[in-house]
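What follows is the content of data_9.pdb (PDB, C-alpha atoms, pLDDT in the B column).
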```pdb
ATOM      1  CA  MET A   1      97.015  92.443  89.243  1.00 44.00           C
ATOM      2  CA  ILE A   2      94.250  90.033  88.317  1.00 46.00           C
ATOM      3  CA  ALA A   3      93.684  87.179  90.715  1.00 45.00           C
ATOM      4  CA  ALA A   4      95.237  83.939  89.591  1.00 49.00           C
ATOM      5  CA  ASN A   5      92.375  81.564  90.332  1.00 47.00           C
ATOM      6  CA  ASN A   6      92.492  78.984  87.554  1.00 53.00           C
ATOM      7  CA  THR A   7      93.397  75.352  87.081  1.00 56.00           C
ATOM      8  CA  SER A   8      95.722  75.703  84.096  1.00 67.00           C
ATOM      9  CA  TYR A   9      99.003  73.843  83.820  1.00 74.00           C
ATOM     10  CA  LEU A  10     100.928  77.088  84.369  1.00 76.00           C
ATOM     11  CA  ALA A  11      99.123  77.720  87.652  1.00 77.00           C
ATOM     12  CA  ARG A  12     100.501  74.447  89.045  1.00 80.00           C
ATOM     13  CA  ILE A  13     104.145  75.311  88.305  1.00 83.00           C
ATOM     14  CA  LYS A  14     106.149  76.801  91.173  1.00 85.00           C
ATOM     15  CA  PRO A  15     106.511  80.611  90.948  1.00 83.00           C
ATOM     16  CA  GLY A  16     110.312  80.401  91.161  1.00 85.00           C
ATOM     17  CA  TRP A  17     110.488  78.266  88.042  1.00 87.00           C
ATOM     18  CA  LYS A  18     108.067  80.498  86.138  1.00 88.00           C
ATOM     19  CA  PHE A  19     109.844  83.742  86.945  1.00 86.00           C
ATOM     20  CA  GLY A  20     113.246  82.136  86.358  1.00 88.00           C
ATOM     21  CA  VAL A  21     112.259  80.909  82.890  1.00 87.00           C
ATOM     22  CA  LEU A  22     110.681  84.298  82.154  1.00 87.00           C
ATOM     23  CA  LEU A  23     113.965  86.027  83.003  1.00 87.00           C
ATOM     24  CA  VAL A  24     116.006  83.656  80.830  1.00 91.00           C
ATOM     25  CA  LEU A  25     113.611  83.961  77.874  1.00 89.00           C
ATOM     26  CA  SER A  26     113.536  87.753  78.151  1.00 88.00           C
ATOM     27  CA  ILE A  27     117.341  87.848  77.879  1.00 91.00           C
ATOM     28  CA  ALA A  28     117.374  85.247  75.095  1.00 91.00           C
ATOM     29  CA  LEU A  29     114.924  87.251  72.993  1.00 91.00           C
ATOM     30  CA  TYR A  30     117.498  90.029  72.623  1.00 89.00           C
ATOM     31  CA  LEU A  31     120.156  87.552  71.519  1.00 91.00           C
ATOM     32  CA  ILE A  32     117.996  86.297  68.641  1.00 91.00           C
ATOM     33  CA  ASN A  33     118.114  88.222  65.362  1.00 90.00           C
ATOM     34  CA  SER A  34     116.097  85.893  63.145  1.00 91.00           C
ATOM     35  CA  TRP A  35     112.614  87.345  62.666  1.00 91.00           C
ATOM     36  CA  THR A  36     111.236  83.878  61.872  1.00 93.00           C
ATOM     37  CA  VAL A  37     112.452  82.507  65.212  1.00 93.00           C
ATOM     38  CA  LEU A  38     111.072  85.568  66.988  1.00 93.00           C
ATOM     39  CA  LEU A  39     107.754  85.106  65.209  1.00 93.00           C
ATOM     40  CA  SER A  40     107.662  81.464  66.306  1.00 93.00           C
ATOM     41  CA  LEU A  41     108.314  82.487  69.926  1.00 93.00           C
ATOM     42  CA  PHE A  42     105.591  85.126  69.682  1.00 93.00           C
ATOM     43  CA  ILE A  43     103.091  82.509  68.473  1.00 94.00           C
ATOM     44  CA  LEU A  44     104.207  80.263  71.329  1.00 92.00           C
ATOM     45  CA  SER A  45     103.591  83.089  73.826  1.00 90.00           C
ATOM     46  CA  VAL A  46     100.068  83.562  72.406  1.00 90.00           C
ATOM     47  CA  VAL A  47      99.356  79.845  72.790  1.00 89.00           C
ATOM     48  CA  LEU A  48     100.735  79.949  76.325  1.00 88.00           C
ATOM     49  CA  LEU A  49      98.441  82.846  77.246  1.00 86.00           C
ATOM     50  CA  LEU A  50      95.465  80.998  75.763  1.00 85.00           C
ATOM     51  CA  THR A  51      96.250  77.906  77.833  1.00 83.00           C
ATOM     52  CA  ALA A  52      96.419  80.049  80.997  1.00 78.00           C
ATOM     53  CA  ARG A  53      92.594  80.049  81.041  1.00 73.00           C
ATOM     54  CA  VAL A  54      92.270  83.674  82.068  1.00 70.00           C
ATOM     55  CA  ASN A  55      89.253  85.886  81.531  1.00 70.00           C
ATOM     56  CA  PHE A  56      90.220  87.949  78.499  1.00 72.00           C
ATOM     57  CA  LYS A  57      87.653  90.611  79.383  1.00 73.00           C
ATOM     58  CA  GLN A  58      89.931  91.491  82.288  1.00 69.00           C
ATOM     59  CA  ILE A  59      93.003  92.003  80.122  1.00 74.00           C
ATOM     60  CA  ARG A  60      91.279  93.380  77.027  1.00 78.00           C
ATOM     61  CA  LEU A  61      92.207  97.013  77.747  1.00 75.00           C
ATOM     62  CA  PRO A  62      95.872  96.267  78.601  1.00 77.00           C
ATOM     63  CA  LEU A  63      96.212  94.250  75.385  1.00 81.00           C
ATOM     64  CA  ILE A  64      94.616  96.996  73.296  1.00 82.00           C
ATOM     65  CA  SER A  65      96.881  99.606  74.901  1.00 79.00           C
ATOM     66  CA  LEU A  66      99.902  97.392  74.264  1.00 82.00           C
ATOM     67  CA  ALA A  67      98.915  96.960  70.618  1.00 86.00           C
ATOM     68  CA  VAL A  68      98.513 100.713  70.130  1.00 85.00           C
ATOM     69  CA  ILE A  69     101.842 101.539  71.790  1.00 84.00           C
ATOM     70  CA  LEU A  70     103.762  98.902  69.832  1.00 87.00           C
ATOM     71  CA  SER A  71     102.126 100.004  66.587  1.00 89.00           C
ATOM     72  CA  VAL A  72     103.567 103.474  67.167  1.00 88.00           C
ATOM     73  CA  VAL A  73     106.951 101.943  68.079  1.00 87.00           C
ATOM     74  CA  PHE A  74     106.894  99.863  64.890  1.00 91.00           C
ATOM     75  CA  ILE A  75     106.178 102.868  62.680  1.00 92.00           C
ATOM     76  CA  LEU A  76     108.789 105.100  64.332  1.00 89.00           C
ATOM     77  CA  LEU A  77     111.483 102.411  64.249  1.00 88.00           C
ATOM     78  CA  GLY A  78     110.612 101.540  60.671  1.00 90.00           C
ATOM     79  CA  ILE A  79     111.046 105.150  59.591  1.00 92.00           C
ATOM     80  CA  GLN A  80     114.240 105.732  61.605  1.00 88.00           C
ATOM     81  CA  THR A  81     115.982 102.400  60.878  1.00 86.00           C
ATOM     82  CA  ASP A  82     114.410  99.735  58.669  1.00 89.00           C
ATOM     83  CA  TRP A  83     111.159  97.771  58.735  1.00 93.00           C
ATOM     84  CA  LEU A  84     112.779  94.398  59.426  1.00 92.00           C
ATOM     85  CA  ASN A  85     114.542  95.784  62.498  1.00 91.00           C
ATOM     86  CA  ALA A  86     111.246  97.345  63.608  1.00 91.00           C
ATOM     87  CA  LEU A  87     109.511  93.982  63.213  1.00 93.00           C
ATOM     88  CA  ARG A  88     112.157  92.225  65.309  1.00 92.00           C
ATOM     89  CA  SER A  89     111.897  94.824  68.081  1.00 91.00           C
ATOM     90  CA  VAL A  90     108.108  94.668  68.224  1.00 92.00           C
ATOM     91  CA  LEU A  91     108.088  90.864  68.217  1.00 93.00           C
ATOM     92  CA  ARG A  92     110.535  90.856  71.155  1.00 93.00           C
ATOM     93  CA  LEU A  93     108.434  93.302  73.168  1.00 91.00           C
ATOM     94  CA  LEU A  94     105.150  91.563  72.361  1.00 90.00           C
ATOM     95  CA  THR A  95     106.534  88.164  73.284  1.00 92.00           C
ATOM     96  CA  MET A  96     107.970  89.419  76.585  1.00 90.00           C
ATOM     97  CA  CYS A  97     104.714  91.133  77.530  1.00 88.00           C
ATOM     98  CA  LEU A  98     102.558  88.110  76.718  1.00 89.00           C
ATOM     99  CA  LEU A  99     104.903  85.796  78.625  1.00 89.00           C
ATOM    100  CA  ALA A 100     104.810  88.178  81.588  1.00 86.00           C
ATOM    101  CA  TYR A 101     101.010  88.215  81.454  1.00 83.00           C
ATOM    102  CA  SER A 102     100.920  84.405  81.410  1.00 85.00           C
ATOM    103  CA  VAL A 103     103.204  84.180  84.434  1.00 85.00           C
ATOM    104  CA  SER A 104     101.588  86.928  86.521  1.00 80.00           C
ATOM    105  CA  LEU A 105      98.013  85.848  85.782  1.00 80.00           C
ATOM    106  CA  THR A 106      98.712  82.285  86.871  1.00 83.00           C
ATOM    107  CA  THR A 107     100.591  83.167  90.063  1.00 82.00           C
ATOM    108  CA  LYS A 108      98.745  83.966  93.267  1.00 79.00           C
ATOM    109  CA  PHE A 109      99.678  87.169  95.037  1.00 72.00           C
ATOM    110  CA  GLU A 110     100.683  85.247  98.183  1.00 76.00           C
ATOM    111  CA  ALA A 111     103.004  82.975  96.199  1.00 79.00           C
ATOM    112  CA  MET A 112     104.573  85.965  94.459  1.00 75.00           C
ATOM    113  CA  LEU A 113     105.090  87.695  97.801  1.00 74.00           C
ATOM    114  CA  GLU A 114     106.798  84.594  99.225  1.00 78.00           C
ATOM    115  CA  LEU A 115     109.056  84.314  96.172  1.00 78.00           C
ATOM    116  CA  PHE A 116     110.134  87.945  96.369  1.00 74.00           C
ATOM    117  CA  GLN A 117     110.841  87.518 100.066  1.00 76.00           C
ATOM    118  CA  GLN A 118     113.097  84.521  99.341  1.00 78.00           C
ATOM    119  CA  VAL A 119     114.949  86.446  96.628  1.00 76.00           C
ATOM    120  CA  ALA A 120     115.420  89.447  98.948  1.00 75.00           C
ATOM    121  CA  SER A 121     116.511  87.327 101.926  1.00 79.00           C
ATOM    122  CA  PRO A 122     120.259  88.197 101.575  1.00 80.00           C
ATOM    123  CA  VAL A 123     119.528  91.840 102.510  1.00 75.00           C
ATOM    124  CA  ARG A 124     118.857  90.603 106.048  1.00 75.00           C
ATOM    125  CA  PHE A 125     122.630  90.424 106.557  1.00 78.00           C
ATOM    126  CA  VAL A 126     122.985  94.176 105.972  1.00 76.00           C
ATOM    127  CA  GLY A 127     120.054  95.140 108.216  1.00 73.00           C
ATOM    128  CA  GLY A 128     117.349  95.034 105.574  1.00 71.00           C
ATOM    129  CA  ASN A 129     113.885  93.563 105.901  1.00 73.00           C
ATOM    130  CA  PRO A 130     113.123  90.988 103.163  1.00 71.00           C
ATOM    131  CA  ALA A 131     109.409  90.953 104.033  1.00 71.00           C
ATOM    132  CA  GLN A 132     109.188  94.723 103.601  1.00 70.00           C
ATOM    133  CA  ILE A 133     111.037  94.657 100.277  1.00 69.00           C
ATOM    134  CA  ALA A 134     108.913  91.755  99.011  1.00 70.00           C
ATOM    135  CA  LEU A 135     105.706  93.534  99.952  1.00 69.00           C
ATOM    136  CA  ALA A 136     106.860  96.737  98.234  1.00 69.00           C
ATOM    137  CA  LEU A 137     107.697  94.858  95.012  1.00 68.00           C
ATOM    138  CA  SER A 138     104.451  92.887  95.069  1.00 66.00           C
ATOM    139  CA  MET A 139     102.354  95.979  95.705  1.00 68.00           C
ATOM    140  CA  THR A 140     104.123  97.828  92.904  1.00 67.00           C
ATOM    141  CA  ILE A 141     103.128  95.071  90.495  1.00 64.00           C
ATOM    142  CA  ARG A 142      99.653  94.963  92.013  1.00 64.00           C
ATOM    143  CA  PHE A 143      98.994  98.683  91.552  1.00 68.00           C
ATOM    144  CA  ILE A 144     100.234  99.084  87.977  1.00 64.00           C
ATOM    145  CA  PRO A 145      96.883  97.959  86.478  1.00 63.00           C
ATOM    146  CA  GLU A 146      95.022  99.814  89.248  1.00 69.00           C
ATOM    147  CA  LEU A 147      96.709 103.100  88.317  1.00 70.00           C
ATOM    148  CA  LYS A 148      96.021 102.437  84.661  1.00 67.00           C
ATOM    149  CA  LYS A 149      92.354 101.974  85.507  1.00 72.00           C
ATOM    150  CA  VAL A 150      92.344 105.274  87.410  1.00 76.00           C
ATOM    151  CA  TYR A 151      94.017 107.011  84.456  1.00 74.00           C
ATOM    152  CA  VAL A 152      91.356 105.725  82.044  1.00 73.00           C
ATOM    153  CA  GLU A 153      88.566 106.880  84.375  1.00 78.00           C
ATOM    154  CA  VAL A 154      90.094 110.347  84.787  1.00 78.00           C
ATOM    155  CA  ARG A 155      90.721 110.715  81.076  1.00 76.00           C
ATOM    156  CA  GLU A 156      87.139 109.733  80.215  1.00 79.00           C
ATOM    157  CA  ALA A 157      85.735 112.107  82.838  1.00 80.00           C
ATOM    158  CA  GLN A 158      87.830 115.010  81.541  1.00 75.00           C
ATOM    159  CA  HIS A 159      86.968 114.124  77.961  1.00 77.00           C
ATOM    160  CA  ALA A 160      83.281 114.451  78.855  1.00 79.00           C
ATOM    161  CA  ARG A 161      84.079 117.945  80.174  1.00 79.00           C
ATOM    162  CA  GLY A 162      85.954 118.859  77.002  1.00 76.00           C
ATOM    163  CA  LEU A 163      89.329 118.895  78.776  1.00 71.00           C
ATOM    164  CA  ALA A 164      90.899 115.780  77.260  1.00 62.00           C
ATOM    165  CA  ASN A 165      93.572 117.819  75.458  1.00 66.00           C
ATOM    166  CA  ASN A 166      94.655 119.598  78.642  1.00 69.00           C
ATOM    167  CA  PRO A 167      97.535 117.624  80.271  1.00 72.00           C
ATOM    168  CA  LEU A 168      97.039 119.308  83.664  1.00 74.00           C
ATOM    169  CA  ALA A 169      93.337 118.454  83.683  1.00 75.00           C
ATOM    170  CA  VAL A 170      94.273 114.767  83.523  1.00 73.00           C
ATOM    171  CA  THR A 171      97.547 114.755  85.484  1.00 79.00           C
ATOM    172  CA  VAL A 172      96.384 116.605  88.608  1.00 80.00           C
ATOM    173  CA  PRO A 173      93.335 114.396  89.363  1.00 79.00           C
ATOM    174  CA  LEU A 174      95.415 111.319  88.549  1.00 76.00           C
ATOM    175  CA  VAL A 175      98.124 112.296  91.066  1.00 82.00           C
ATOM    176  CA  ILE A 176      95.532 113.153  93.721  1.00 84.00           C
ATOM    177  CA  ARG A 177      93.679 109.850  93.310  1.00 78.00           C
ATOM    178  CA  SER A 178      96.974 107.928  93.276  1.00 76.00           C
ATOM    179  CA  LEU A 179      98.053 109.562  96.539  1.00 78.00           C
ATOM    180  CA  LYS A 180      94.647 108.776  98.023  1.00 79.00           C
ATOM    181  CA  ILE A 181      95.047 105.093  97.089  1.00 73.00           C
ATOM    182  CA  ALA A 182      98.544 105.072  98.619  1.00 72.00           C
ATOM    183  CA  ASP A 183      97.222 106.689 101.806  1.00 75.00           C
ATOM    184  CA  GLU A 184      94.359 104.195 102.092  1.00 73.00           C
ATOM    185  CA  THR A 185      96.789 101.318 101.545  1.00 69.00           C
ATOM    186  CA  ALA A 186      99.122 102.645 104.268  1.00 68.00           C
ATOM    187  CA  GLU A 187      96.198 102.923 106.690  1.00 71.00           C
ATOM    188  CA  ALA A 188      95.143  99.365 105.888  1.00 67.00           C
ATOM    189  CA  LEU A 189      98.673  98.101 106.582  1.00 62.00           C
ATOM    190  CA  ASP A 190      98.782  99.974 109.893  1.00 65.00           C
ATOM    191  CA  ALA A 191      95.378  98.587 110.864  1.00 66.00           C
ATOM    192  CA  ARG A 192      96.676  95.064 110.262  1.00 60.00           C
ATOM    193  CA  GLY A 193      99.712  95.709 112.429  1.00 61.00           C
ATOM    194  CA  TYR A 194     102.265  95.365 109.633  1.00 58.00           C
ATOM    195  CA  ASP A 195     105.760  95.672 111.102  1.00 55.00           C
ATOM    196  CA  SER A 196     108.070  97.534 108.722  1.00 49.00           C
ATOM    197  CA  GLU A 197     111.006  97.599 111.127  1.00 50.00           C
ATOM    198  CA  PRO A 198     113.983  95.423 110.054  1.00 47.00           C
ATOM    199  CA  ALA A 199     114.501  92.380 112.232  1.00 45.00           C
ATOM    200  CA  ALA A 200     118.042  93.497 113.090  1.00 45.00           C
ATOM    201  CA  PHE A 201     116.715  96.622 114.831  1.00 42.00           C
ATOM    202  CA  ARG A 202     113.881  95.075 116.813  1.00 44.00           C
ATOM    203  CA  ARG A 203     114.175  95.094 120.562  1.00 44.00           C
TER     204      ARG A 203
END
```
Could you show the structure in this file as structure tokens?
Amino acid sequence: MIAANNTSYLARIKPGWKFGVLLVLSIALYLINSWTVLLSLFILSVVLLLTARVNFKQIRLPLISLAVILSVVFILLGIQTDWLNALRSVLRLLTMCLLAYSVSLTTKFEAMLELFQQVASPVRFVGGNPAQIALALSMTIRFIPELKKVYVEVREAQHARGLANNPLAVTVPLVIRSLKIADETAEALDARGYDSEPAAFRR
């Protein structure tokens, strides 16, 4: 996840409010059938991302990948159902993704971790560890773009070797590098003395 170091209006809003509104809007998008309303919300999400004052060089590849994937979705849905339904579906997905980008790019990792820990706090009553759950969720979000970056690097390297069309040639190095990242992360957590033991079981 890209560091959220900007002075935009969104960055000053509390993470709980941002994620709460994101959840409500994501549900509302699937209750709206008017393509004009969906288009208006999509334009609003674009404006919101622009006001987030993020470095678009950092999200250029994710946006291009998103555009390519949704173009394929649009064509397939258009052929299987109808083009208006395909347009509605793509507008919903695009709007949700852009809103999610705006929220995540304007929320510091520490603030996100604290929010997740507050949300997971009820599991303490059944012997769970909210801090551990929050860290796992935050790191999952954090490593999604990292794994995508690794995939692009592996694919380009194998393409240079003429192996781009071989799924195993891309999958195996990707899995190995992903496991290496996970192992390095675990070592870093151990070195910092992270306690993964639930509070209820500490002596």
Counting only C-alpha atoms, the residue of A:Leu163, A:Leu38, A:Val126, A:Ile69 that sits nearest A:Asn85
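Using only C-alpha atoms, A:Asn85 sits closest to A:Leu38.
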Quick one: of A:Leu113, A:Val68, A:Leu105, A:Leu22, who's nearest to A:Leu49, counting all atoms listed in the file?
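Checking each candidate against A:Leu49, we get A:Leu105 as the closest.
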Might you spell out which residues the PyMOL selection byres ((chain A and resi 130) around 9) would select in the displayed file, as a list in words?
Phe116, Gln117, Gln118, Val119, Ala120, Ser121, Pro122, Val123, Arg124, Gly128, Asn129, Ala131, Gln132, Ile133, Ala134, Leu135 and Pro198 of chain A
As JSON, please: the centre and edge lengths in Å, to one decimal, of an axis-aligned box enclosing every listed atom of stretch 98-103 of chain A with 5 Å added on each side.
```
{"center_x": 102.9, "center_y": 86.2, "center_z": 80.6, "size_x": 14.0, "size_y": 14.0, "size_z": 17.7}
```
Taking the file above as input, evaluate the PyMOL selection byres ((chain A and resi 107-109) around 7) and report the hits as a VMD selection string.
chain A and resid 3 to 4 11 15 103 to 106 110 to 113
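Comparing A:Ala28, A:Leu174, A:Leu23, A:Ala169 by their smallest distance to A:Val150, the closest is A:Leu174 (using all atoms listed in the file).
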Using all atoms listed in the file, pick whichever of A:Tyr101, A:Phe125, A:Tyr151, A:Phe56 has the shortest atom-to-atom distance to A:Leu10.
A:Tyr101
Which residue, A:His159, A:Leu63, A:Val72, A:Leu39, has the smallest gap to A:Thr95 when you use all atoms listed in the file?
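Of A:His159, A:Leu63, A:Val72, A:Leu39, the one nearest A:Thr95, counting all atoms listed in the file, is A:Leu39.
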Can you work out the spacing between atom CA of A:Asp82 and atom CA of A:Ile27 in Å, to one decimal?
22.8 Å
